[in-house]
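K.L.:
Sharing start-v4.txt here; it has compact mmCIF, C-alpha atoms and all ligand atoms.
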```
# COMPACT_ATOMS: atom_id res chain seq x y z
CA MET A 24 27.70 -22.85 1.84
CA ARG A 25 26.49 -24.16 -1.51
CA ILE A 26 23.00 -24.45 -2.99
CA GLU A 27 22.26 -28.16 -3.22
CA LYS A 28 18.59 -28.45 -4.10
CA VAL A 29 16.18 -26.33 -6.15
CA ASP A 30 12.42 -26.96 -5.92
CA VAL A 31 9.62 -25.06 -7.60
CA ILE A 32 6.29 -25.43 -5.85
CA VAL A 33 3.04 -24.41 -7.54
CA THR A 34 0.05 -24.34 -5.22
CA SER A 35 -3.42 -22.85 -5.40
CA PRO A 36 -4.94 -22.32 -1.95
CA GLY A 37 -7.66 -19.98 -3.22
CA ARG A 38 -5.36 -18.56 -5.89
CA ASN A 39 -2.16 -19.65 -7.64
CA PHE A 40 1.29 -19.12 -6.16
CA VAL A 41 4.73 -20.12 -7.45
CA THR A 42 7.39 -20.56 -4.77
CA LEU A 43 11.09 -21.25 -5.26
CA LYS A 44 12.67 -23.27 -2.47
CA LEU A 45 16.46 -23.40 -2.29
CA THR A 46 18.17 -25.79 0.12
CA THR A 47 21.86 -25.53 0.99
CA GLY A 48 24.20 -28.43 1.66
CA ASP A 49 23.85 -27.84 5.39
CA GLY A 50 20.06 -27.87 5.17
CA VAL A 51 19.22 -24.15 5.31
CA VAL A 52 16.04 -23.43 3.31
CA GLY A 53 15.34 -20.14 1.51
CA LEU A 54 12.01 -19.21 -0.09
CA GLY A 55 11.29 -16.86 -2.99
CA ASP A 56 8.01 -15.74 -4.57
CA ALA A 57 7.77 -16.14 -8.37
CA THR A 58 4.01 -15.62 -8.78
CA LEU A 59 3.02 -13.85 -12.01
CA ASN A 60 -0.76 -13.56 -12.09
CA GLY A 61 -2.19 -15.53 -15.05
CA ARG A 62 1.27 -16.60 -16.28
CA GLU A 63 2.32 -18.69 -13.28
CA LEU A 64 3.40 -21.79 -15.22
CA ALA A 65 5.64 -19.77 -17.54
CA VAL A 66 7.72 -18.63 -14.56
CA ALA A 67 7.67 -22.11 -13.01
CA SER A 68 9.06 -23.51 -16.28
CA TYR A 69 11.62 -20.72 -16.58
CA LEU A 70 12.90 -21.60 -13.13
CA ARG A 71 12.78 -25.39 -13.50
CA ASP A 72 13.95 -25.67 -17.09
CA HIS A 73 16.45 -22.82 -17.36
CA VAL A 74 17.52 -21.47 -13.97
CA ALA A 75 17.68 -24.43 -11.57
CA ALA A 76 20.78 -25.94 -13.19
CA LEU A 77 22.60 -22.59 -12.92
CA LEU A 78 22.03 -22.50 -9.17
CA VAL A 79 23.06 -25.96 -8.04
CA GLY A 80 26.56 -25.85 -6.55
CA ARG A 81 26.74 -22.06 -6.33
CA GLN A 82 27.80 -20.22 -3.18
CA ALA A 83 24.52 -19.20 -1.52
CA HIS A 84 26.06 -16.11 0.10
CA ASN A 85 26.92 -14.40 -3.19
CA ILE A 86 23.60 -12.65 -3.74
CA GLU A 87 24.74 -9.88 -6.10
CA ASP A 88 26.67 -12.26 -8.35
CA THR A 89 23.77 -14.72 -8.40
CA TRP A 90 21.52 -11.83 -9.50
CA GLN A 91 23.81 -10.71 -12.30
CA TYR A 92 24.42 -14.24 -13.63
CA PRO A 93 20.81 -15.08 -14.69
CA TYR A 94 20.21 -11.43 -15.69
CA ARG A 95 23.24 -10.87 -17.97
CA GLY A 96 24.09 -14.48 -18.74
CA PRO A 97 21.18 -15.67 -20.93
CA TYR A 98 21.41 -12.81 -23.49
CA TRP A 99 17.63 -12.06 -23.12
CA ARG A 100 17.06 -9.44 -20.49
CA ARG A 101 14.10 -8.01 -18.59
CA GLY A 102 10.44 -8.91 -19.04
CA PRO A 103 7.99 -10.05 -16.36
CA VAL A 104 8.72 -13.78 -16.62
CA THR A 105 12.50 -13.41 -16.37
CA MET A 106 12.35 -10.77 -13.66
CA ALA A 107 9.88 -12.73 -11.50
CA ALA A 108 12.16 -15.75 -11.75
CA ILE A 109 15.25 -13.71 -10.80
CA ALA A 110 13.24 -12.08 -7.99
CA ALA A 111 12.49 -15.48 -6.48
CA VAL A 112 16.17 -16.50 -6.55
CA ASP A 113 17.14 -13.21 -4.94
CA MET A 114 14.52 -13.43 -2.17
CA ALA A 115 15.46 -17.02 -1.38
CA LEU A 116 19.13 -16.06 -1.03
CA TRP A 117 18.30 -13.17 1.33
CA ASP A 118 16.14 -15.60 3.33
CA ILE A 119 19.07 -18.01 3.60
CA LYS A 120 21.53 -15.27 4.55
CA GLY A 121 19.18 -14.04 7.28
CA LYS A 122 18.69 -17.52 8.68
CA VAL A 123 22.44 -18.16 8.73
CA ALA A 124 23.09 -14.77 10.39
CA GLY A 125 20.22 -15.27 12.84
CA LEU A 126 18.75 -11.90 11.79
CA PRO A 127 15.56 -10.74 10.07
CA VAL A 128 16.36 -9.59 6.53
CA TYR A 129 15.65 -5.92 7.28
CA GLN A 130 18.61 -6.00 9.67
CA LEU A 131 20.87 -7.09 6.81
CA LEU A 132 19.52 -4.25 4.66
CA GLY A 133 20.61 -1.56 7.11
CA GLY A 134 18.28 -2.06 10.06
CA ARG A 135 14.93 -0.51 10.70
CA SER A 136 14.10 3.05 9.71
CA ARG A 137 10.57 3.06 11.18
CA ARG A 138 8.28 1.27 13.61
CA GLY A 139 6.34 -0.40 10.82
CA ALA A 140 5.11 0.01 7.27
CA LEU A 141 2.03 2.21 6.74
CA ALA A 142 -0.34 0.06 4.68
CA TYR A 143 -3.47 0.69 2.64
CA GLY A 144 -6.43 -1.61 2.14
CA HIS A 145 -9.02 -1.87 -0.63
CA ALA A 146 -12.60 -0.66 -0.35
CA SER A 147 -15.10 -0.79 -3.17
CA GLY A 148 -18.81 -0.74 -3.86
CA THR A 149 -21.31 -0.21 -6.60
CA THR A 150 -23.43 1.88 -4.23
CA VAL A 151 -22.34 4.59 -1.81
CA GLU A 152 -23.72 2.55 1.12
CA ALA A 153 -21.72 -0.55 0.19
CA LEU A 154 -18.59 1.55 -0.29
CA PHE A 155 -19.06 3.25 3.08
CA THR A 156 -19.53 -0.15 4.77
CA ALA A 157 -16.28 -1.37 3.22
CA ILE A 158 -14.45 1.77 4.38
CA ARG A 159 -15.83 1.45 7.93
CA ASN A 160 -14.75 -2.19 8.12
CA LEU A 161 -11.21 -1.32 7.05
CA ARG A 162 -11.04 1.55 9.53
CA ASP A 163 -12.20 -0.84 12.28
CA ASP A 164 -9.35 -3.14 11.22
CA GLY A 165 -6.89 -0.29 11.82
CA PHE A 166 -6.31 0.98 8.27
CA LYS A 167 -5.36 4.65 8.07
CA ALA A 168 -5.19 4.60 4.26
CA ILE A 169 -7.79 3.17 1.89
CA ARG A 170 -7.97 2.69 -1.86
CA ILE A 171 -11.42 3.60 -3.16
CA GLN A 172 -12.87 1.95 -6.30
CA ALA A 173 -16.49 2.35 -7.36
CA GLY A 174 -18.95 0.87 -9.81
CA VAL A 175 -19.81 3.16 -12.72
CA PRO A 176 -23.49 3.66 -13.67
CA GLY A 177 -24.21 1.84 -16.93
CA LEU A 178 -21.27 -0.59 -16.65
CA ALA A 179 -22.06 -4.16 -15.62
CA ARG A 180 -18.64 -5.09 -14.17
CA VAL A 181 -15.76 -2.83 -13.28
CA TYR A 182 -12.37 -4.27 -12.33
CA GLY A 183 -11.38 -3.76 -8.72
CA VAL A 184 -14.98 -3.48 -7.53
CA GLY A 185 -16.26 -6.40 -5.47
CA SER A 186 -19.86 -7.42 -5.04
CA ASP A 187 -21.64 -5.19 -2.53
CA GLN A 188 -22.41 -8.20 -0.33
CA LEU A 189 -18.69 -8.74 0.15
CA ALA A 190 -17.95 -5.11 1.01
CA GLY A 191 -15.18 -4.98 3.60
CA GLN A 192 -14.60 -8.71 3.80
CA ARG A 193 -11.22 -10.23 3.11
CA TYR A 194 -11.97 -10.82 -0.54
CA ASP A 195 -13.46 -7.50 -1.46
CA TYR A 196 -12.60 -8.59 -4.99
CA ALA A 197 -10.37 -11.30 -6.40
CA PRO A 198 -7.81 -10.11 -8.97
CA ALA A 199 -8.24 -13.28 -11.08
CA ALA A 200 -11.09 -15.67 -11.88
CA ARG A 201 -10.74 -19.44 -12.23
CA THR A 202 -11.61 -19.67 -15.90
CA THR A 203 -9.76 -20.98 -18.94
CA VAL A 204 -10.08 -17.65 -20.76
CA PRO A 205 -10.30 -14.13 -19.30
CA VAL A 206 -13.72 -12.85 -18.24
CA GLU A 207 -14.89 -9.91 -20.33
CA GLU A 208 -15.86 -6.65 -18.64
CA ASP A 209 -17.24 -3.48 -20.19
CA TRP A 210 -15.72 -0.02 -20.13
CA ASP A 211 -16.69 3.58 -20.86
CA THR A 212 -14.07 6.18 -19.97
CA ALA A 213 -16.43 9.17 -20.26
CA ALA A 214 -18.93 7.59 -17.84
CA TYR A 215 -16.08 6.79 -15.44
CA LEU A 216 -14.68 10.32 -15.55
CA ARG A 217 -18.15 11.78 -14.88
CA HIS A 218 -18.75 9.50 -11.91
CA ILE A 219 -15.54 9.21 -9.87
CA PRO A 220 -15.11 12.79 -8.55
CA GLY A 221 -18.58 12.60 -6.94
CA VAL A 222 -17.62 9.36 -5.21
CA PHE A 223 -14.59 11.03 -3.62
CA GLU A 224 -16.66 14.06 -2.67
CA ALA A 225 -19.08 11.76 -0.81
CA VAL A 226 -16.28 9.83 0.91
CA ARG A 227 -14.52 13.02 2.08
CA ALA A 228 -17.82 14.47 3.34
CA GLN A 229 -18.55 11.30 5.32
CA PHE A 230 -15.11 10.35 6.63
CA GLY A 231 -13.34 13.69 7.01
CA ALA A 232 -9.97 15.06 6.02
CA ASP A 233 -7.65 12.69 7.91
CA LEU A 234 -8.29 9.42 6.12
CA LEU A 235 -5.68 8.82 3.41
CA LEU A 236 -7.47 8.08 0.11
CA LEU A 237 -6.03 6.40 -2.97
CA HIS A 238 -7.44 5.49 -6.36
CA ASP A 239 -6.36 3.16 -9.18
CA ALA A 240 -7.31 3.96 -12.80
CA HIS A 241 -5.85 0.63 -14.01
CA HIS A 242 -4.05 2.11 -17.04
CA ARG A 243 -7.30 3.02 -18.85
CA LEU A 244 -6.85 6.72 -19.63
CA THR A 245 -5.10 8.78 -22.27
CA PRO A 246 -2.61 11.37 -20.96
CA ASN A 247 -5.23 14.09 -21.46
CA GLN A 248 -7.89 12.11 -19.59
CA GLY A 249 -5.41 11.36 -16.82
CA ALA A 250 -4.77 15.09 -16.51
CA GLN A 251 -8.51 15.78 -16.35
CA LEU A 252 -9.05 13.17 -13.64
CA GLY A 253 -6.08 14.30 -11.56
CA ARG A 254 -7.34 17.87 -11.69
CA ALA A 255 -10.95 16.89 -10.89
CA LEU A 256 -9.74 14.97 -7.82
CA GLU A 257 -7.56 17.78 -6.42
CA PRO A 258 -10.26 19.09 -4.03
CA PHE A 259 -10.36 15.67 -2.35
CA ASP A 260 -6.65 15.55 -1.53
CA LEU A 261 -5.69 12.08 -2.73
CA PHE A 262 -2.64 10.27 -1.40
CA TRP A 263 -2.19 9.12 -4.99
CA LEU A 264 -3.77 8.45 -8.35
CA GLU A 265 -2.38 5.15 -9.63
CA ASP A 266 -1.76 3.96 -13.19
CA CYS A 267 -3.67 6.72 -14.96
CA THR A 268 -2.08 5.79 -18.32
CA PRO A 269 -0.55 2.60 -19.75
CA ALA A 270 2.91 3.96 -19.05
CA GLU A 271 5.18 2.01 -21.33
CA ASN A 272 5.24 5.43 -22.96
CA GLN A 273 6.99 7.19 -20.11
CA GLU A 274 6.58 10.62 -21.77
CA ALA A 275 2.80 10.38 -21.35
CA LEU A 276 3.27 11.35 -17.72
CA ARG A 277 4.66 14.77 -18.72
CA LEU A 278 1.28 15.96 -19.91
CA VAL A 279 -0.50 14.61 -16.81
CA ARG A 280 2.09 16.19 -14.54
CA GLN A 281 1.80 19.62 -16.16
CA HIS A 282 -1.89 19.82 -15.36
CA THR A 283 -2.36 18.37 -11.89
CA THR A 284 -0.86 18.35 -8.41
CA THR A 285 -2.60 15.07 -7.52
CA PRO A 286 0.31 12.74 -6.63
CA LEU A 287 0.96 10.02 -9.22
CA ALA A 288 1.91 6.38 -8.67
CA ILE A 289 2.95 4.01 -11.42
CA GLY A 290 4.77 0.79 -12.12
CA GLU A 291 3.07 -2.39 -10.93
CA VAL A 292 3.58 -3.88 -14.41
CA PHE A 293 7.14 -2.55 -14.74
CA ASN A 294 9.95 -4.96 -14.03
CA THR A 295 13.28 -3.15 -14.06
CA VAL A 296 14.75 0.22 -13.14
CA TRP A 297 14.99 0.90 -16.90
CA ASP A 298 11.20 1.14 -17.13
CA TYR A 299 11.39 4.08 -14.71
CA GLN A 300 14.49 5.79 -16.03
CA GLN A 301 12.80 8.82 -17.55
CA ILE A 302 9.84 9.22 -15.20
CA ILE A 303 12.13 9.27 -12.18
CA ARG A 304 14.78 11.54 -13.73
CA GLU A 305 12.11 14.01 -14.88
CA GLN A 306 10.24 13.71 -11.57
CA LEU A 307 7.00 12.75 -13.32
CA ILE A 308 5.78 10.45 -10.53
CA ASP A 309 5.62 10.50 -6.73
CA TYR A 310 5.47 6.77 -5.91
CA VAL A 311 7.08 3.66 -7.38
CA ARG A 312 4.54 0.80 -7.57
CA SER A 313 6.88 -2.10 -8.32
CA SER A 314 6.59 -5.20 -6.20
CA VAL A 315 9.68 -7.07 -5.08
CA THR A 316 8.17 -10.18 -6.72
CA HIS A 317 7.84 -8.73 -10.23
CA THR A 318 10.93 -6.50 -10.31
CA GLY A 319 13.96 -8.66 -9.72
CA GLY A 320 13.77 -9.09 -5.97
CA ILE A 321 15.09 -7.17 -2.99
CA THR A 322 18.46 -6.47 -4.64
CA HIS A 323 16.96 -4.76 -7.70
CA VAL A 324 14.06 -2.92 -6.03
CA LYS A 325 16.50 -1.51 -3.45
CA LYS A 326 18.58 -0.05 -6.30
CA LEU A 327 15.43 1.29 -7.97
CA LEU A 328 14.26 2.97 -4.77
CA GLU A 329 17.68 4.43 -4.06
CA TYR A 330 17.58 6.02 -7.52
CA ALA A 331 14.06 7.32 -6.79
CA ALA A 332 15.20 8.73 -3.45
CA GLN A 333 17.46 11.22 -5.22
CA TYR A 334 14.27 12.85 -6.54
CA GLN A 335 12.17 12.62 -3.34
CA ILE A 336 10.12 9.83 -4.95
CA LYS A 337 8.93 7.20 -2.48
CA SER A 338 8.00 3.55 -2.44
CA GLY A 339 4.43 2.36 -2.88
CA MET A 340 5.06 -1.34 -3.43
CA HIS A 341 2.38 -3.47 -5.06
CA GLY A 342 0.84 -5.90 -2.56
CA PRO A 343 -2.24 -7.62 -4.00
CA THR A 344 -3.20 -11.18 -3.10
CA ASP A 345 -1.33 -12.38 -6.19
CA VAL A 346 1.92 -11.51 -4.42
CA SER A 347 2.46 -14.47 -2.06
CA PRO A 348 3.15 -14.09 1.66
CA VAL A 349 6.84 -14.66 0.79
CA GLY A 350 6.78 -11.71 -1.62
CA MET A 351 4.87 -9.60 0.92
CA ALA A 352 7.49 -10.41 3.56
CA ALA A 353 10.28 -9.36 1.19
CA ALA A 354 8.48 -6.05 0.57
CA MET A 355 8.05 -5.47 4.30
CA HIS A 356 11.73 -6.10 5.09
CA LEU A 357 12.76 -3.71 2.33
CA GLY A 358 10.12 -1.18 3.41
CA MET A 359 11.33 -1.29 7.01
CA SER A 360 14.90 -0.50 6.02
CA ILE A 361 14.82 2.11 3.25
CA HIS A 362 14.58 5.81 4.04
CA ASN A 363 12.13 6.74 1.26
CA PHE A 364 9.34 4.38 2.23
CA GLY A 365 5.92 5.74 1.27
CA ILE A 366 3.16 3.18 1.75
CA GLN A 367 2.58 -0.56 1.29
CA GLU A 368 -0.47 -2.08 -0.41
CA TYR A 369 -1.95 -4.79 1.81
CA MET A 370 -4.90 -6.90 0.66
CA LYS A 371 -4.64 -9.78 3.17
CA HIS A 372 -4.62 -13.39 2.05
CA GLY A 373 -7.32 -15.93 2.75
CA ALA A 374 -7.37 -18.61 5.46
CA LYS A 375 -6.16 -21.42 3.15
CA THR A 376 -3.19 -19.36 1.99
CA ASP A 377 -2.29 -18.58 5.60
CA LEU A 378 -2.12 -22.33 6.33
CA VAL A 379 0.17 -23.01 3.35
CA PHE A 380 2.46 -20.08 4.21
CA GLU A 381 3.17 -19.76 7.94
CA GLN A 382 3.83 -16.09 8.55
CA SER A 383 5.15 -13.93 11.35
CA PHE A 384 3.82 -10.52 10.25
CA THR A 385 2.17 -8.26 12.75
CA TRP A 386 -0.53 -5.68 11.97
CA THR A 387 -0.80 -3.01 14.65
CA ASP A 388 -2.38 0.42 14.46
CA GLY A 389 -2.25 0.59 10.68
CA LEU A 390 1.39 -0.53 10.51
CA LEU A 391 2.70 -3.79 9.09
CA HIS A 392 5.80 -5.38 10.58
CA PRO A 393 7.61 -8.44 9.18
CA GLY A 394 8.34 -9.91 12.65
CA ALA A 395 11.59 -10.84 14.35
CA LYS A 396 12.30 -14.28 12.88
CA PRO A 397 15.62 -14.77 11.07
CA GLY A 398 15.36 -14.50 7.28
CA LEU A 399 12.09 -13.45 5.68
CA GLY A 400 10.04 -15.05 8.46
CA VAL A 401 7.77 -17.18 6.24
CA GLU A 402 7.75 -20.99 6.10
CA LEU A 403 6.10 -23.11 3.41
CA ASN A 404 4.02 -26.04 4.63
CA VAL A 405 4.71 -28.39 1.71
CA ASP A 406 2.06 -30.96 2.72
CA GLU A 407 -0.61 -28.29 2.92
CA ALA A 408 0.57 -26.82 -0.42
CA GLY A 409 0.20 -30.25 -2.02
CA LYS A 410 -3.53 -30.24 -1.30
CA TYR A 411 -4.11 -27.43 -3.80
CA PRO A 412 -3.00 -28.17 -7.37
CA TYR A 413 -2.70 -25.39 -9.95
CA GLU A 414 -5.94 -24.17 -11.49
CA GLN A 415 -6.08 -21.89 -14.51
CA ALA A 416 -7.07 -18.37 -13.51
CA TYR A 417 -6.88 -15.07 -15.36
CA LEU A 418 -7.39 -11.38 -14.85
CA PRO A 419 -10.42 -10.06 -16.76
CA TYR A 420 -10.08 -7.80 -19.79
CA ASN A 421 -12.38 -5.07 -21.05
CA ARG A 422 -14.08 -3.89 -24.24
CA LEU A 423 -15.73 -0.61 -25.17
CA ALA A 424 -19.44 -0.48 -26.13
CA ASP A 425 -18.59 -0.94 -29.83
CA GLY A 426 -16.55 -4.06 -29.09
CA THR A 427 -13.05 -2.56 -29.22
CA VAL A 428 -10.55 -4.15 -26.81
CA HIS A 429 -9.51 -1.41 -24.40
CA ASP A 430 -6.37 -0.79 -22.36
CA TRP A 431 -6.02 -2.68 -19.12
O1 LIG B 501 -4.56 -5.48 -10.96
O2 LIG B 501 -2.72 -7.54 -8.75
O3 LIG B 501 -3.13 -2.05 -7.37
N1 LIG B 501 -3.43 -3.17 -7.52
C1 LIG B 501 -3.88 -3.70 -8.63
C2 LIG B 501 -4.10 -5.18 -8.65
C3 LIG B 501 -3.63 -5.76 -9.96
C4 LIG B 501 -3.44 -7.24 -9.89
C5 LIG B 501 -2.68 -7.73 -11.11
O4 LIG B 501 -2.27 -9.03 -10.95
O5 LIG B 501 -4.07 -3.00 -9.59
O6 LIG B 501 -5.44 -5.50 -8.43
CO CO B 502 -2.92 -1.16 -9.38
```
Mind converting the file's structure to structure tokens?
Ligand code: EZ4
Ligand code: CO
P.N.:
Amino acid sequence: MRIEKVDVIVTSPGRNFVTLKLTTGDGVVGLGDATLNGRELAVASYLRDHVAALLVGRQAHNIEDTWQYPYRGPYWRRGPVTMAAIAAVDMALWDIKGKVAGLPVYQLLGGRSRRGALAYGHASGTTVEALFTAIRNLRDDGFKAIRIQAGVPGLARVYGVGSDQLAGQRYDYAPAARTTVPVEEDWDTAAYLRHIPGVFEAVRAQFGADLLLLHDAHHRLTPNQGAQLGRALEPFDLFWLEDCTPAENQEALRLVRQHTTTPLAIGEVFNTVWDYQQIIREQLIDYVRSSVTHTGGITHVKKLLEYAAQYQIKSGMHGPTDVSPVGMAAAMHLGMSIHNFGIQEYMKHGAKTDLVFEQSFTWTDGLLHPGAKPGLGVELNVDEAGKYPYEQAYLPYNRLADGTVHDW
């Protein structure tokens, strides 16, 4: 069964998505997500201009070999553009194999290890009332775990915090704005560190001990500040503190780890197992944040999570709206099958996206399930996708009060 046709579809139903569509000689279609927020066209070009020709005529069943070929073959390895492109190829081939076998992909990965994937939603607010409204809405929707982000007094815009009017709606905040250059936000780490523990104190007092609470520091702290925040949050029993430092320096996590028992999650910007080599071996984290979309697909993230499992480190796969429904499905199939599943981020896509990507997920009692359809269980409606051409959109960036560009 050979790959005959390779299409790259860029569509923007509310936000940009890049989808790889492989078609075999006998007409089986496989989909892969190649969406890299703010760099979508670079991955689309990588696939169209450099990968498509490698795929045509290849045996669609040879997933491992078709992973190694575009990884080792081109000389240049790793990096978010390359690894998102390889991820899309890998997902599409698993989708094809599942459709040919008549089985959902999680069955091919070893079968199910749980009833469904525990998922967390996003709540934010600039006021305590708005934040509480957002939390209540998510709880009403069945969420048992909620990420809490809050406005900081004195800062005009803080990433991850939606407008209070939107609290608890589908788009609590959008991770990218449709602008030709990134929107500028302001940042003050000292003000943030003073404010956040009180927010968690208020949330615990209002919602009790059972609700699982998470927080994302978006890579803005030094190791020492990360240690301070982790320690300050210990009384509020977080599920995790995410991305406390910009962790391309893996050793930074040693200092944080020495000073706090707050569980640590890292890796949504990492793209291979190599980025985790030291922090997993030294047990410096508790959760692996990689998404299937940005880390070489199901094949590579499965290897990464099997390595993590040796150290009792669990999955916490990235699942923002900039991962397409195809990428979310891939994460769910992997999450259903592995033993060391931890939690899945789940932001929910908008109505337009749900028309472009026909999905078979179920959401019951705080658990996500990929559904029973063969393959990944997502179909692309190409006509609907064609209604939404690409629009430039970027994540914001931030500067300190004196104008210095700060860490993401
Ligand atoms: O900033 O998806 O944990 N989730 C996040 C996201 C990311 C965006 C990056 O594209 O941090 O909001
Ligand atoms: Co994050």
K.L.:
Which residues come within 9 Å of region 127-129 of chain A, counting all atoms listed in the file, excluding same-chain residues fewer than 2 positions away, as a PyMOL selection string?
P.N.:
chain A and resi 117-118+120-122+124-125+131-135+353+355-360+393-400
K.L.:
Quick one: write out the picked residues with C-alpha atoms as a PDB file, in the frame of the given file?
P.N.:
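Listing of out_39.pdb after writing:
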```pdb
ATOM      1  CA  TRP A 117      18.300 -13.170   1.330  1.00  0.00           C
ATOM      2  CA  ASP A 118      16.140 -15.600   3.330  1.00  0.00           C
ATOM      3  CA  LYS A 120      21.530 -15.270   4.550  1.00  0.00           C
ATOM      4  CA  GLY A 121      19.180 -14.040   7.280  1.00  0.00           C
ATOM      5  CA  LYS A 122      18.690 -17.520   8.680  1.00  0.00           C
ATOM      6  CA  ALA A 124      23.090 -14.770  10.390  1.00  0.00           C
ATOM      7  CA  GLY A 125      20.220 -15.270  12.840  1.00  0.00           C
ATOM      8  CA  LEU A 131      20.870  -7.090   6.810  1.00  0.00           C
ATOM      9  CA  LEU A 132      19.520  -4.250   4.660  1.00  0.00           C
ATOM     10  CA  GLY A 133      20.610  -1.560   7.110  1.00  0.00           C
ATOM     11  CA  GLY A 134      18.280  -2.060  10.060  1.00  0.00           C
ATOM     12  CA  ARG A 135      14.930  -0.510  10.700  1.00  0.00           C
ATOM     13  CA  ALA A 353      10.280  -9.360   1.190  1.00  0.00           C
ATOM     14  CA  MET A 355       8.050  -5.470   4.300  1.00  0.00           C
ATOM     15  CA  HIS A 356      11.730  -6.100   5.090  1.00  0.00           C
ATOM     16  CA  LEU A 357      12.760  -3.710   2.330  1.00  0.00           C
ATOM     17  CA  GLY A 358      10.120  -1.180   3.410  1.00  0.00           C
ATOM     18  CA  MET A 359      11.330  -1.290   7.010  1.00  0.00           C
ATOM     19  CA  SER A 360      14.900  -0.500   6.020  1.00  0.00           C
ATOM     20  CA  PRO A 393       7.610  -8.440   9.180  1.00  0.00           C
ATOM     21  CA  GLY A 394       8.340  -9.910  12.650  1.00  0.00           C
ATOM     22  CA  ALA A 395      11.590 -10.840  14.350  1.00  0.00           C
ATOM     23  CA  LYS A 396      12.300 -14.280  12.880  1.00  0.00           C
ATOM     24  CA  PRO A 397      15.620 -14.770  11.070  1.00  0.00           C
ATOM     25  CA  GLY A 398      15.360 -14.500   7.280  1.00  0.00           C
ATOM     26  CA  LEU A 399      12.090 -13.450   5.680  1.00  0.00           C
ATOM     27  CA  GLY A 400      10.040 -15.050   8.460  1.00  0.00           C
TER      28      GLY A 400
END
```
K.L.:
Residues within 7 Å of ligand CO 502 (chain B) (all atoms listed in the file), as a PyMOL selection string?
P.N.:
chain A and resi 239+241+265-266+291
K.L.:
Show me, as lines of an AutoDock Vina configuration file, the centre and edge lengths in Å to one decimal of the axis-aligned box that covers every listed atom of ligand LIG 501 (chain B) with 4 Å on each side.
P.N.:
```
center_x = -3.9
center_y = -5.5
center_z = -9.2
size_x = 11.2
size_y = 15.0
size_z = 11.7
```
K.L.:
Return as number ranges by chain every polymer residue, whether protein, DNA or RNA, with at least one atom no more than 8 Å from an atom of ligand LIG 501 (chain B); count only C-alpha atoms and all ligand atoms.
P.N.:
A: 59-61, 183, 197-199, 239, 241, 265, 291, 341-346, 368, 418
K.L.:
Keeping C-alpha atoms, export the residues of the selection given above as a tab-separated table (two decimals), keeping the file's coordinate frame.
P.N.:
```
chain	number	residue	atom	x	y	z
A	59	LEU	CA	3.02	-13.85	-12.01
A	60	ASN	CA	-0.76	-13.56	-12.09
A	61	GLY	CA	-2.19	-15.53	-15.05
A	183	GLY	CA	-11.38	-3.76	-8.72
A	197	ALA	CA	-10.37	-11.30	-6.40
A	198	PRO	CA	-7.81	-10.11	-8.97
A	199	ALA	CA	-8.24	-13.28	-11.08
A	239	ASP	CA	-6.36	3.16	-9.18
A	241	HIS	CA	-5.85	0.63	-14.01
A	265	GLU	CA	-2.38	5.15	-9.63
A	291	GLU	CA	3.07	-2.39	-10.93
A	341	HIS	CA	2.38	-3.47	-5.06
A	342	GLY	CA	0.84	-5.90	-2.56
A	343	PRO	CA	-2.24	-7.62	-4.00
A	344	THR	CA	-3.20	-11.18	-3.10
A	345	ASP	CA	-1.33	-12.38	-6.19
A	346	VAL	CA	1.92	-11.51	-4.42
A	368	GLU	CA	-0.47	-2.08	-0.41
A	418	LEU	CA	-7.39	-11.38	-14.85
```
K.L.:
Measure the distance from CA of Asp425 (chain A) to CA of Pro246 (chain A) in Å and round it to one decimal.
P.N.:
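Spanning CA of Asp425 (chain A) to CA of Pro246 (chain A) is a straight-line distance of 22.0 Å.
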K.L.:
For a test of reading the model, state the distance in Å between CA of Asn363 (chain A) and CA of Asn247 (chain A), rounded to one decimal.
P.N.:
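Value for the CA of Asn363 (chain A)-CA of Asn247 (chain A) distance: 29.5 Å.
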K.L.:
So what do you get for CA of Ser35 (chain A) versus CA of Glu414 (chain A), distance-wise?
P.N.:
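Separating CA of Ser35 (chain A) from CA of Glu414 (chain A) is a distance of 6.7 Å.
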K.L.:
Between region 280-352 of chain A and region 87-103 of chain A, at 8 Å or less, what are the per-residue closest atom pairs and their distances in Å? Count only C-alpha atoms, order by chain and rising residue number, and return it as JSON lines.
P.N.:
```
{"residue": "A:Val292", "atom": "CA", "partner": "A:Pro103", "partner_atom": "CA", "distance": 7.8}
{"residue": "A:Phe293", "atom": "CA", "partner": "A:Pro103", "partner_atom": "CA", "distance": 7.7}
{"residue": "A:Asn294", "atom": "CA", "partner": "A:Pro103", "partner_atom": "CA", "distance": 5.9}
{"residue": "A:Thr295", "atom": "CA", "partner": "A:Arg101", "partner_atom": "CA", "distance": 6.7}
{"residue": "A:His317", "atom": "CA", "partner": "A:Pro103", "partner_atom": "CA", "distance": 6.3}
{"residue": "A:Thr318", "atom": "CA", "partner": "A:Pro103", "partner_atom": "CA", "distance": 7.6}
{"residue": "A:Thr322", "atom": "CA", "partner": "A:Glu87", "partner_atom": "CA", "distance": 7.3}
```
K.L.:
Excluding region 80-84 of chain A and any residue of its chain fewer than 5 positions from it, enumerate the residues within 9 Å of it, using all atoms listed in the file, and give them as a list in words.
P.N.:
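Answer for this query is Met24, Arg25, Ile26, Glu27, Lys28, Thr47, Gly48, Thr89, Leu116, Trp117, Ile119 and Lys120 of chain A.
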K.L.:
I'd like the neighbourhood of region 110-112 of chain A as a PyMOL selection string, where a residue qualifies if any of its atoms comes within 8 Å (using all atoms listed in the file), though same-chain residues fewer than 4 positions away should be ignored.
P.N.:
chain A and resi 42-43+54-57+90+106+116+315-321
